[in-house]
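Structure below is my_file05.cif: mmCIF, C-alpha atoms.
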```cif
data_query
loop_
_atom_site.label_atom_id
_atom_site.label_comp_id
_atom_site.auth_asym_id
_atom_site.auth_seq_id
_atom_site.Cartn_x
_atom_site.Cartn_y
_atom_site.Cartn_z
CA PRO A 23 89.86 -19.77 -0.80
CA VAL A 24 87.24 -17.39 0.50
CA PHE A 25 83.62 -18.18 -0.14
CA SER A 26 81.01 -15.42 -0.25
CA VAL A 27 77.36 -16.40 0.10
CA THR A 28 74.73 -14.04 -1.16
CA GLU A 29 71.03 -14.67 -0.47
CA ALA A 30 68.89 -14.42 -3.56
CA PRO A 31 65.52 -12.69 -3.11
CA VAL A 32 62.64 -15.11 -2.80
CA SER A 33 59.71 -14.41 -5.08
CA ALA A 34 56.24 -15.84 -4.73
CA PRO A 35 55.57 -18.66 -7.17
CA THR A 36 53.22 -17.92 -9.97
CA ILE A 37 50.70 -20.43 -11.20
CA SER A 38 49.30 -20.22 -14.66
CA LEU A 39 46.12 -22.22 -15.09
CA THR A 40 45.33 -23.68 -18.44
CA PRO A 41 41.73 -23.64 -19.70
CA GLU A 42 41.65 -27.40 -19.04
CA ALA A 43 42.61 -26.87 -15.41
CA ARG A 44 39.92 -24.26 -14.98
CA GLU A 45 37.35 -26.65 -16.37
CA GLU A 46 38.44 -29.26 -13.82
CA GLY A 47 37.35 -27.08 -10.97
CA PHE A 48 40.18 -24.72 -10.16
CA PRO A 49 38.83 -21.34 -9.13
CA ARG A 50 39.15 -18.47 -11.52
CA GLN A 51 40.64 -15.37 -9.99
CA THR A 52 38.16 -12.52 -9.97
CA ALA A 53 39.06 -8.88 -10.09
CA PRO A 54 38.45 -6.95 -6.87
CA GLU A 55 35.38 -4.73 -6.76
CA THR A 56 36.27 -1.32 -8.08
CA THR A 57 35.46 1.97 -6.41
CA ARG A 58 33.14 2.80 -9.29
CA GLU A 59 31.18 -0.42 -8.83
CA ARG A 60 30.81 0.21 -5.10
CA THR A 61 29.55 3.73 -5.82
CA GLN A 62 27.03 2.39 -8.31
CA LEU A 63 25.75 -0.19 -5.80
CA ARG A 64 25.35 2.47 -3.12
CA ALA A 65 23.48 4.69 -5.57
CA MET A 66 21.12 1.81 -6.43
CA ASP A 67 20.47 1.17 -2.73
CA ARG A 68 19.67 4.84 -2.20
CA GLN A 69 17.27 4.85 -5.15
CA GLN A 70 15.46 1.76 -3.83
CA GLN A 71 15.28 3.27 -0.34
CA HIS A 72 13.91 6.54 -1.75
CA ALA A 73 11.27 4.66 -3.78
CA LYS A 74 10.09 2.80 -0.68
CA VAL A 75 9.89 6.01 1.33
CA GLU A 76 7.89 7.76 -1.40
CA ARG A 77 5.48 4.83 -1.68
CA PHE A 78 4.57 4.92 2.01
CA LEU A 79 4.54 8.70 2.24
CA LYS A 80 1.67 8.57 -0.25
CA LEU A 81 -0.20 6.30 2.18
CA GLY A 82 0.00 8.97 4.88
CA TYR A 83 2.87 7.72 7.06
CA SER A 84 5.48 10.16 8.34
CA HIS A 85 9.00 10.27 6.97
CA ASN A 86 10.52 9.46 10.38
CA ASP A 87 8.21 6.49 10.97
CA ILE A 88 9.00 5.03 7.55
CA LEU A 89 12.77 5.34 8.07
CA ARG A 90 12.48 3.79 11.53
CA VAL A 91 10.58 0.78 10.20
CA LEU A 92 12.97 0.36 7.24
CA GLU A 93 15.94 0.37 9.60
CA SER A 94 14.33 -2.27 11.81
CA LEU A 95 13.76 -4.66 8.88
CA HIS A 96 16.10 -6.30 6.41
CA HIS A 97 17.19 -4.10 3.52
CA ASP A 98 15.37 -6.43 1.09
CA ALA A 99 12.10 -6.49 3.06
CA GLN A 100 9.00 -6.82 0.88
CA THR A 101 6.35 -4.10 0.63
CA ASN A 102 3.77 -6.13 2.56
CA ASP A 103 6.22 -6.70 5.44
CA ILE A 104 6.98 -2.99 5.66
CA LEU A 105 3.30 -2.07 5.47
CA GLU A 106 2.36 -4.57 8.17
CA GLU A 107 4.99 -3.11 10.51
CA LEU A 108 3.81 0.46 9.78
CA ILE A 109 0.20 -0.46 10.49
CA LYS A 110 1.18 -2.09 13.78
CA THR A 111 3.39 0.69 15.09
CA CYS A 112 2.39 3.94 13.40
CA HIS A 113 -0.54 6.21 12.68
CA THR A 114 -1.23 8.03 9.45
CA ARG A 115 -1.49 11.78 9.73
CA SER A 116 -5.26 11.94 9.51
CA HIS A 117 -5.60 14.67 12.12
CA GLY A 118 -2.95 17.10 11.00
CA ASN A 119 0.07 15.38 12.59
CA SER A 120 3.12 15.55 10.36
CA SER A 121 6.66 14.41 10.96
CA GLY A 122 7.77 15.31 7.45
CA PRO A 123 7.36 18.91 6.23
CA ASN A 124 6.14 18.18 2.69
CA SER A 125 4.86 14.61 3.02
CA PRO A 126 1.64 13.90 1.14
CA LYS A 127 -1.35 12.58 3.07
CA LEU A 128 -3.74 9.76 2.40
CA VAL A 129 -6.94 11.25 3.72
CA PRO A 130 -7.33 14.26 1.39
CA ARG A 131 -7.83 11.87 -1.54
CA GLY A 132 -11.23 10.84 -0.20
CA CYS A 133 -11.77 12.17 3.28
CA SER A 134 -11.37 15.36 5.23
CA PRO A 135 -9.06 15.11 8.24
CA GLY A 136 -12.07 14.60 10.52
CA PRO A 137 -15.50 15.91 11.54
CA ILE A 138 -13.99 18.99 13.14
CA LYS A 139 -12.28 19.99 9.85
CA PRO A 140 -14.83 19.55 7.06
CA ARG A 141 -13.92 20.28 3.46
CA THR A 142 -14.57 23.76 2.21
CA GLY A 143 -16.26 24.89 -0.97
CA PRO A 144 -19.87 24.81 -2.16
CA ASP A 145 -19.68 21.20 -3.33
CA ARG A 146 -18.01 20.04 -0.10
CA GLU A 147 -20.40 21.44 2.48
CA THR A 148 -21.81 18.54 4.46
CA ILE A 149 -24.74 18.38 6.84
CA PRO A 150 -23.56 18.74 10.47
CA GLY A 151 -23.92 15.67 12.65
CA PHE A 152 -23.10 13.06 10.01
CA ARG A 153 -20.03 10.90 10.40
CA PRO A 154 -17.47 10.26 7.64
CA VAL A 155 -18.30 7.25 5.47
CA VAL A 156 -15.74 4.58 4.52
CA ILE A 157 -16.97 2.14 1.86
CA ASP A 158 -15.56 -1.36 1.37
CA GLY A 159 -15.35 -1.06 -2.42
CA SER A 160 -14.64 -4.72 -3.19
CA ASN A 161 -17.49 -5.91 -0.99
CA VAL A 162 -20.00 -3.47 -2.46
CA ALA A 163 -18.97 -3.98 -6.10
CA MET A 164 -18.96 -7.78 -5.88
CA SER A 165 -22.31 -7.77 -4.07
CA HIS A 166 -23.86 -5.67 -6.84
CA GLY A 167 -22.36 -8.06 -9.39
CA ASP A 168 -23.92 -11.13 -7.70
CA LYS A 169 -20.49 -12.31 -6.46
CA LYS A 170 -19.46 -12.98 -10.07
CA VAL A 171 -18.54 -9.57 -11.47
CA PHE A 172 -16.86 -6.51 -9.98
CA SER A 173 -19.68 -4.06 -10.73
CA CYS A 174 -18.47 -0.46 -10.47
CA GLN A 175 -22.09 0.65 -10.84
CA GLY A 176 -22.61 -0.63 -7.30
CA LEU A 177 -19.95 1.79 -6.06
CA GLN A 178 -21.63 4.67 -7.87
CA LEU A 179 -25.01 3.77 -6.34
CA ALA A 180 -23.51 3.62 -2.84
CA VAL A 181 -21.73 6.97 -3.21
CA ASN A 182 -24.85 8.61 -4.68
CA TRP A 183 -27.00 7.37 -1.81
CA PHE A 184 -24.88 9.24 0.75
CA TRP A 185 -24.16 12.20 -1.53
CA ASP A 186 -27.87 12.83 -2.12
CA LYS A 187 -28.36 13.06 1.63
CA GLY A 188 -25.75 15.80 1.91
CA LEU A 189 -22.72 13.77 2.98
CA ARG A 190 -19.44 14.72 1.32
CA ASP A 191 -16.88 12.99 3.56
CA ILE A 192 -16.89 9.70 1.62
CA THR A 193 -14.02 7.30 0.91
CA VAL A 194 -14.14 4.19 -1.27
CA PHE A 195 -11.25 1.72 -1.01
CA VAL A 196 -10.50 -0.46 -4.06
CA PRO A 197 -7.40 -2.60 -4.83
CA LEU A 198 -5.08 -0.95 -7.33
CA TRP A 199 -5.13 -3.89 -9.72
CA ARG A 200 -8.78 -3.19 -10.49
CA LYS A 201 -7.52 -0.36 -12.72
CA GLU A 202 -5.92 -2.89 -15.05
CA GLN A 203 -7.42 -4.39 -18.18
CA PRO A 204 -10.23 -6.80 -17.19
CA ARG A 205 -9.38 -10.50 -17.39
CA PRO A 206 -11.71 -13.49 -17.86
CA GLU A 207 -11.04 -14.73 -14.32
CA ALA A 208 -11.66 -11.28 -12.82
CA PRO A 209 -14.43 -9.56 -14.84
CA ILE A 210 -15.29 -5.93 -14.18
CA THR A 211 -18.03 -3.70 -15.59
CA ASP A 212 -18.32 0.09 -15.95
CA GLN A 213 -14.64 0.54 -15.13
CA GLN A 214 -14.78 4.21 -16.12
CA ILE A 215 -16.66 4.85 -12.86
CA LEU A 216 -13.44 4.14 -10.96
CA HIS A 217 -11.64 6.87 -12.88
CA GLU A 218 -14.46 9.33 -12.23
CA LEU A 219 -14.59 8.61 -8.49
CA GLU A 220 -10.81 8.93 -8.31
CA ARG A 221 -10.97 12.27 -10.12
CA ARG A 222 -13.52 13.47 -7.54
CA LYS A 223 -11.10 12.50 -4.72
CA ILE A 224 -13.55 9.89 -3.41
CA LEU A 225 -11.85 6.66 -4.43
CA VAL A 226 -8.52 5.51 -2.97
CA TYR A 227 -6.55 2.57 -4.35
CA THR A 228 -4.76 0.15 -2.02
CA PRO A 229 -1.29 -0.93 -3.24
CA SER A 230 -0.51 -4.05 -5.26
CA ARG A 231 2.41 -5.21 -7.40
CA PHE A 232 3.94 -8.21 -9.16
CA VAL A 233 6.77 -10.26 -7.62
CA ASN A 234 8.26 -13.10 -9.68
CA GLY A 235 5.17 -13.18 -11.85
CA LYS A 236 2.78 -13.34 -8.90
CA ARG A 237 0.51 -10.54 -7.75
CA VAL A 238 1.11 -9.27 -4.20
CA VAL A 239 -1.79 -7.28 -2.77
CA CYS A 240 -2.14 -5.49 0.52
CA TYR A 241 -4.90 -6.37 2.94
CA ASP A 242 -7.39 -3.64 2.09
CA ASP A 243 -9.64 -4.49 5.08
CA ARG A 244 -6.96 -3.01 7.34
CA TYR A 245 -7.06 0.28 5.44
CA ILE A 246 -10.85 0.39 5.71
CA ILE A 247 -11.02 -0.27 9.46
CA LYS A 248 -8.02 1.88 10.33
CA LEU A 249 -9.27 4.95 8.48
CA ALA A 250 -12.82 4.59 9.82
CA VAL A 251 -11.50 4.39 13.38
CA GLU A 252 -9.23 7.40 12.92
CA LEU A 253 -12.05 9.48 11.41
CA ASP A 254 -14.62 8.23 13.94
CA GLY A 255 -16.80 7.31 10.98
CA ILE A 256 -18.87 4.37 9.76
CA ILE A 257 -18.02 1.37 7.57
CA VAL A 258 -20.28 0.34 4.70
CA SER A 259 -19.86 -3.40 4.13
CA ASN A 260 -21.52 -6.78 4.55
CA ASP A 261 -18.21 -8.19 5.84
CA ASN A 262 -18.01 -8.77 9.60
CA TYR A 263 -14.16 -8.56 9.60
CA ARG A 264 -13.94 -11.37 12.15
CA ASP A 265 -10.17 -11.77 11.78
CA LEU A 266 -9.57 -8.10 12.55
CA GLN A 267 -12.04 -8.19 15.45
CA THR A 268 -9.98 -10.88 17.17
CA GLU A 269 -6.77 -9.01 16.44
CA ASN A 270 -7.67 -5.69 18.05
CA PRO A 271 -10.22 -5.22 20.89
CA GLN A 272 -10.71 -1.55 19.97
CA TRP A 273 -11.50 -2.50 16.39
CA LYS A 274 -13.90 -5.21 17.59
CA LYS A 275 -15.99 -2.70 19.53
CA PHE A 276 -15.85 -0.22 16.66
CA ILE A 277 -16.98 -2.79 14.08
CA GLU A 278 -19.85 -3.94 16.28
CA GLU A 279 -21.12 -0.38 16.67
CA ARG A 280 -20.25 1.28 13.33
CA LEU A 281 -20.76 -1.39 10.65
CA LEU A 282 -23.53 -0.35 8.25
CA MET A 283 -24.79 -3.31 6.19
CA TYR A 284 -26.73 -2.87 2.96
CA THR A 285 -28.61 -4.57 0.13
CA PHE A 286 -29.40 -3.74 -3.49
CA ALA A 287 -32.93 -3.86 -4.85
CA ASN A 288 -33.50 -2.82 -8.47
CA ASP A 289 -30.30 -0.77 -8.47
CA LYS A 290 -31.31 1.12 -5.34
#
```
Take the structure from the file and write it as structure tokens.
Amino acid sequence: PVFSVTEAPVSAPTISLTPEAREEGFPRQTAPETTRERTQLRAMDRQQQHAKVERFLKLGYSHNDILRVLESLHHDAQTNDILEELIKTCHTRSHGNSSGPNSPKLVPRGCSPGPIKPRTGPDRETIPGFRPVVIDGSNVAMSHGDKKVFSCQGLQLAVNWFWDKGLRDITVFVPLWRKEQPRPEAPITDQQILHELERRKILVYTPSRFVNGKRVVCYDDRYIIKLAVELDGIIVSNDNYRDLQTENPQWKKFIEERLLMYTFANDK
């Protein structure tokens, strides 16, 4: 007899898991990520990246600087981390420098680019020889409100004092959350003054947002000092900014020489 041996094809065993087996800890097979899902994820990343770029363009940083900082940090870096890195390594375009062709600037919202380029127009003509004025809005408003209330009337009085003397290059910095509905723990009076000063391009809001139910605010003192230094102006505040003085020797000298302190007496 002749025996013929034929090899049968070997097939991979298949395992069918019952619901009970899955409940006991066996892993459930997941479908591979589809091309459509990957495309959607990439589109979401691009949208988030674009939103971050737009946010910091509005603060006066160049497009190239923002992209460089974003690339140097983790993709999920928080706004404050990005802002801190921009402040450390970049300069806003307060003197006409621009890396992006159509990037908006910070300084036109409350300041001219500098003493050598004053604003034009009959209501923007300023007296020669006066420096730009940068007002610490929180310090002034809380001082006028006896440290208990954010009094916007104090901001109006401060702006009027300089305006009546012919100065037009005035910037007031206020945290963005002060635009919100007043709360018992953070009272505010005459809030409509903020809207009026913003309309006149005098008031600038510093960014803030909510993360996991908690408010994240930027350090507005940095904005105040940085802009005053760039414009070679003066700072109106009763704050000595000791932390920033120790951080930057140039800022220390500037604060010592350009800090204009104040007091209110009968709303004057």
Would you list the contacts of Leu266 in chain A as an MDAnalysis selection string, taking every protein, DNA or RNA residue within 8 Å and counting all atoms listed in the file, but skipping same-chain residues closer than 6 positions in sequence?
chainID A and resid 244 273:274
For CA of Ile246 in chain A and CA of Asp158 in chain A, quote the distance in Å rounded to one decimal.
6.6 Å
Convert the output of the PyMOL selection byres ((chain A and resi 214-223) around 10) on the shown file into explicit residues, formatted as a PDB file with C-alpha atoms, keeping the file's coordinate frame.
```pdb
ATOM      1  CA  VAL A 129      -6.940  11.250   3.720  1.00  0.00           C
ATOM      2  CA  PRO A 130      -7.330  14.260   1.390  1.00  0.00           C
ATOM      3  CA  ARG A 131      -7.830  11.870  -1.540  1.00  0.00           C
ATOM      4  CA  GLY A 132     -11.230  10.840  -0.200  1.00  0.00           C
ATOM      5  CA  CYS A 133     -11.770  12.170   3.280  1.00  0.00           C
ATOM      6  CA  SER A 173     -19.680  -4.060 -10.730  1.00  0.00           C
ATOM      7  CA  CYS A 174     -18.470  -0.460 -10.470  1.00  0.00           C
ATOM      8  CA  GLN A 175     -22.090   0.650 -10.840  1.00  0.00           C
ATOM      9  CA  GLY A 176     -22.610  -0.630  -7.300  1.00  0.00           C
ATOM     10  CA  LEU A 177     -19.950   1.790  -6.060  1.00  0.00           C
ATOM     11  CA  GLN A 178     -21.630   4.670  -7.870  1.00  0.00           C
ATOM     12  CA  VAL A 181     -21.730   6.970  -3.210  1.00  0.00           C
ATOM     13  CA  ILE A 192     -16.890   9.700   1.620  1.00  0.00           C
ATOM     14  CA  THR A 193     -14.020   7.300   0.910  1.00  0.00           C
ATOM     15  CA  VAL A 194     -14.140   4.190  -1.270  1.00  0.00           C
ATOM     16  CA  VAL A 196     -10.500  -0.460  -4.060  1.00  0.00           C
ATOM     17  CA  ARG A 200      -8.780  -3.190 -10.490  1.00  0.00           C
ATOM     18  CA  LYS A 201      -7.520  -0.360 -12.720  1.00  0.00           C
ATOM     19  CA  THR A 211     -18.030  -3.700 -15.590  1.00  0.00           C
ATOM     20  CA  ASP A 212     -18.320   0.090 -15.950  1.00  0.00           C
ATOM     21  CA  GLN A 213     -14.640   0.540 -15.130  1.00  0.00           C
ATOM     22  CA  ILE A 224     -13.550   9.890  -3.410  1.00  0.00           C
ATOM     23  CA  LEU A 225     -11.850   6.660  -4.430  1.00  0.00           C
ATOM     24  CA  VAL A 226      -8.520   5.510  -2.970  1.00  0.00           C
ATOM     25  CA  TYR A 227      -6.550   2.570  -4.350  1.00  0.00           C
TER      26      TYR A 227
END
```
Nearest-residue call for Ser165 in chain A, choices A:Asn262, A:Thr57, A:Thr285, A:Thr101, using all atoms listed in the file
A:Thr285
At what distance in Å, to one decimal, does CA of Ile157 in chain A lie from CA of Phe195 in chain A?
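For CA of Phe195 in chain A relative to CA of Ile157 in chain A, the distance reads 6.4 Å.
Nearest-residue note for Asn270 in chain A: choosing from A:Lys170, A:Lys248, A:His85, A:Arg68, the minimum distance belongs to A:Lys248, counting all atoms listed in the file.
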Once the PyMOL selection byres ((chain A and resi 277) around 9) has been applied to the shown file, what residues remain in the selection, as a list in words?
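The output of the PyMOL selection byres ((chain A and resi 277) around 9) on this file is Ile247, Ile256, Ile257, Asn262, Tyr263, Gln267, Gln272, Trp273, Lys274, Lys275, Phe276, Glu278, Glu279, Arg280 and Leu281 of chain A.
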Using Å and a single decimal, report how far CA of Gly188 in chain A sits from CA of Ser160 in chain A.
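Interatomic distance here is 23.9 Å.
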What does range 213-232 of chain A look like written to a file with N, CA, C and O atoms, as a PDB file, in the first residue's frame?
```
ATOM      1  N   GLN A 213     -19.712 100.183  37.207  1.00  0.00           N
ATOM      2  CA  GLN A 213     -19.053  99.307  36.235  1.00  0.00           C
ATOM      3  C   GLN A 213     -19.145  99.847  34.812  1.00  0.00           C
ATOM      4  O   GLN A 213     -18.299  99.519  33.964  1.00  0.00           O
ATOM      5  N   GLN A 214     -20.142 100.676  34.532  1.00  0.00           N
ATOM      6  CA  GLN A 214     -20.284 101.222  33.181  1.00  0.00           C
ATOM      7  C   GLN A 214     -19.084 102.073  32.784  1.00  0.00           C
ATOM      8  O   GLN A 214     -18.812 102.272  31.584  1.00  0.00           O
ATOM      9  N   ILE A 215     -18.331 102.569  33.761  1.00  0.00           N
ATOM     10  CA  ILE A 215     -17.138 103.369  33.460  1.00  0.00           C
ATOM     11  C   ILE A 215     -16.098 102.518  32.722  1.00  0.00           C
ATOM     12  O   ILE A 215     -15.393 103.007  31.835  1.00  0.00           O
ATOM     13  N   LEU A 216     -16.021 101.240  33.064  1.00  0.00           N
ATOM     14  CA  LEU A 216     -15.085 100.350  32.366  1.00  0.00           C
ATOM     15  C   LEU A 216     -15.422 100.284  30.882  1.00  0.00           C
ATOM     16  O   LEU A 216     -14.526 100.352  30.026  1.00  0.00           O
ATOM     17  N   HIS A 217     -16.700 100.152  30.571  1.00  0.00           N
ATOM     18  CA  HIS A 217     -17.114 100.064  29.170  1.00  0.00           C
ATOM     19  C   HIS A 217     -16.800 101.370  28.431  1.00  0.00           C
ATOM     20  O   HIS A 217     -16.394 101.358  27.266  1.00  0.00           O
ATOM     21  N   GLU A 218     -16.989 102.487  29.100  1.00  0.00           N
ATOM     22  CA  GLU A 218     -16.724 103.778  28.467  1.00  0.00           C
ATOM     23  C   GLU A 218     -15.226 103.967  28.215  1.00  0.00           C
ATOM     24  O   GLU A 218     -14.823 104.420  27.133  1.00  0.00           O
ATOM     25  N   LEU A 219     -14.401 103.616  29.191  1.00  0.00           N
ATOM     26  CA  LEU A 219     -12.950 103.752  29.004  1.00  0.00           C
ATOM     27  C   LEU A 219     -12.440 102.789  27.928  1.00  0.00           C
ATOM     28  O   LEU A 219     -11.520 103.123  27.176  1.00  0.00           O
ATOM     29  N   GLU A 220     -13.050 101.613  27.858  1.00  0.00           N
ATOM     30  CA  GLU A 220     -12.665 100.670  26.801  1.00  0.00           C
ATOM     31  C   GLU A 220     -13.056 101.226  25.438  1.00  0.00           C
ATOM     32  O   GLU A 220     -12.308 101.109  24.462  1.00  0.00           O
ATOM     33  N   ARG A 221     -14.232 101.807  25.348  1.00  0.00           N
ATOM     34  CA  ARG A 221     -14.687 102.395  24.084  1.00  0.00           C
ATOM     35  C   ARG A 221     -13.748 103.504  23.629  1.00  0.00           C
ATOM     36  O   ARG A 221     -13.507 103.667  22.426  1.00  0.00           O
ATOM     37  N   ARG A 222     -13.202 104.255  24.565  1.00  0.00           N
ATOM     38  CA  ARG A 222     -12.279 105.347  24.244  1.00  0.00           C
ATOM     39  C   ARG A 222     -10.850 104.863  24.001  1.00  0.00           C
ATOM     40  O   ARG A 222      -9.946 105.668  23.825  1.00  0.00           O
ATOM     41  N   LYS A 223     -10.643 103.543  23.999  1.00  0.00           N
ATOM     42  CA  LYS A 223      -9.327 102.950  23.745  1.00  0.00           C
ATOM     43  C   LYS A 223      -8.331 103.310  24.838  1.00  0.00           C
ATOM     44  O   LYS A 223      -7.117 103.404  24.580  1.00  0.00           O
ATOM     45  N   ILE A 224      -8.803 103.497  26.050  1.00  0.00           N
ATOM     46  CA  ILE A 224      -7.934 103.820  27.177  1.00  0.00           C
ATOM     47  C   ILE A 224      -7.725 102.605  28.071  1.00  0.00           C
ATOM     48  O   ILE A 224      -6.633 102.379  28.572  1.00  0.00           O
ATOM     49  N   LEU A 225      -8.753 101.812  28.245  1.00  0.00           N
ATOM     50  CA  LEU A 225      -8.686 100.660  29.133  1.00  0.00           C
ATOM     51  C   LEU A 225      -8.350  99.396  28.363  1.00  0.00           C
ATOM     52  O   LEU A 225      -8.887  99.153  27.281  1.00  0.00           O
ATOM     53  N   VAL A 226      -7.445  98.584  28.947  1.00  0.00           N
ATOM     54  CA  VAL A 226      -7.043  97.300  28.369  1.00  0.00           C
ATOM     55  C   VAL A 226      -7.261  96.220  29.415  1.00  0.00           C
ATOM     56  O   VAL A 226      -6.836  96.363  30.561  1.00  0.00           O
ATOM     57  N   TYR A 227      -7.925  95.144  29.032  1.00  0.00           N
ATOM     58  CA  TYR A 227      -8.166  94.034  29.950  1.00  0.00           C
ATOM     59  C   TYR A 227      -7.051  93.002  29.851  1.00  0.00           C
ATOM     60  O   TYR A 227      -6.619  92.632  28.752  1.00  0.00           O
ATOM     61  N   THR A 228      -6.574  92.521  31.009  1.00  0.00           N
ATOM     62  CA  THR A 228      -5.623  91.411  31.034  1.00  0.00           C
ATOM     63  C   THR A 228      -6.403  90.104  31.051  1.00  0.00           C
ATOM     64  O   THR A 228      -7.481  90.032  31.642  1.00  0.00           O
ATOM     65  N   PRO A 229      -5.878  89.039  30.432  1.00  0.00           N
ATOM     66  CA  PRO A 229      -6.662  87.809  30.243  1.00  0.00           C
ATOM     67  C   PRO A 229      -6.975  87.081  31.552  1.00  0.00           C
ATOM     68  O   PRO A 229      -6.227  87.150  32.523  1.00  0.00           O
ATOM     69  N   SER A 230      -8.093  86.355  31.537  1.00  0.00           N
ATOM     70  CA  SER A 230      -8.448  85.431  32.616  1.00  0.00           C
ATOM     71  C   SER A 230      -9.419  84.421  32.046  1.00  0.00           C
ATOM     72  O   SER A 230     -10.091  84.681  31.054  1.00  0.00           O
ATOM     73  N   ARG A 231      -9.504  83.242  32.683  1.00  0.00           N
ATOM     74  CA  ARG A 231     -10.410  82.203  32.208  1.00  0.00           C
ATOM     75  C   ARG A 231     -10.668  81.211  33.338  1.00  0.00           C
ATOM     76  O   ARG A 231     -10.023  81.267  34.384  1.00  0.00           O
ATOM     77  N   PHE A 232     -11.598  80.285  33.110  1.00  0.00           N
ATOM     78  CA  PHE A 232     -11.918  79.261  34.082  1.00  0.00           C
ATOM     79  C   PHE A 232     -11.315  77.931  33.638  1.00  0.00           C
ATOM     80  O   PHE A 232     -11.396  77.550  32.473  1.00  0.00           O
TER      81      PHE A 232
END
```
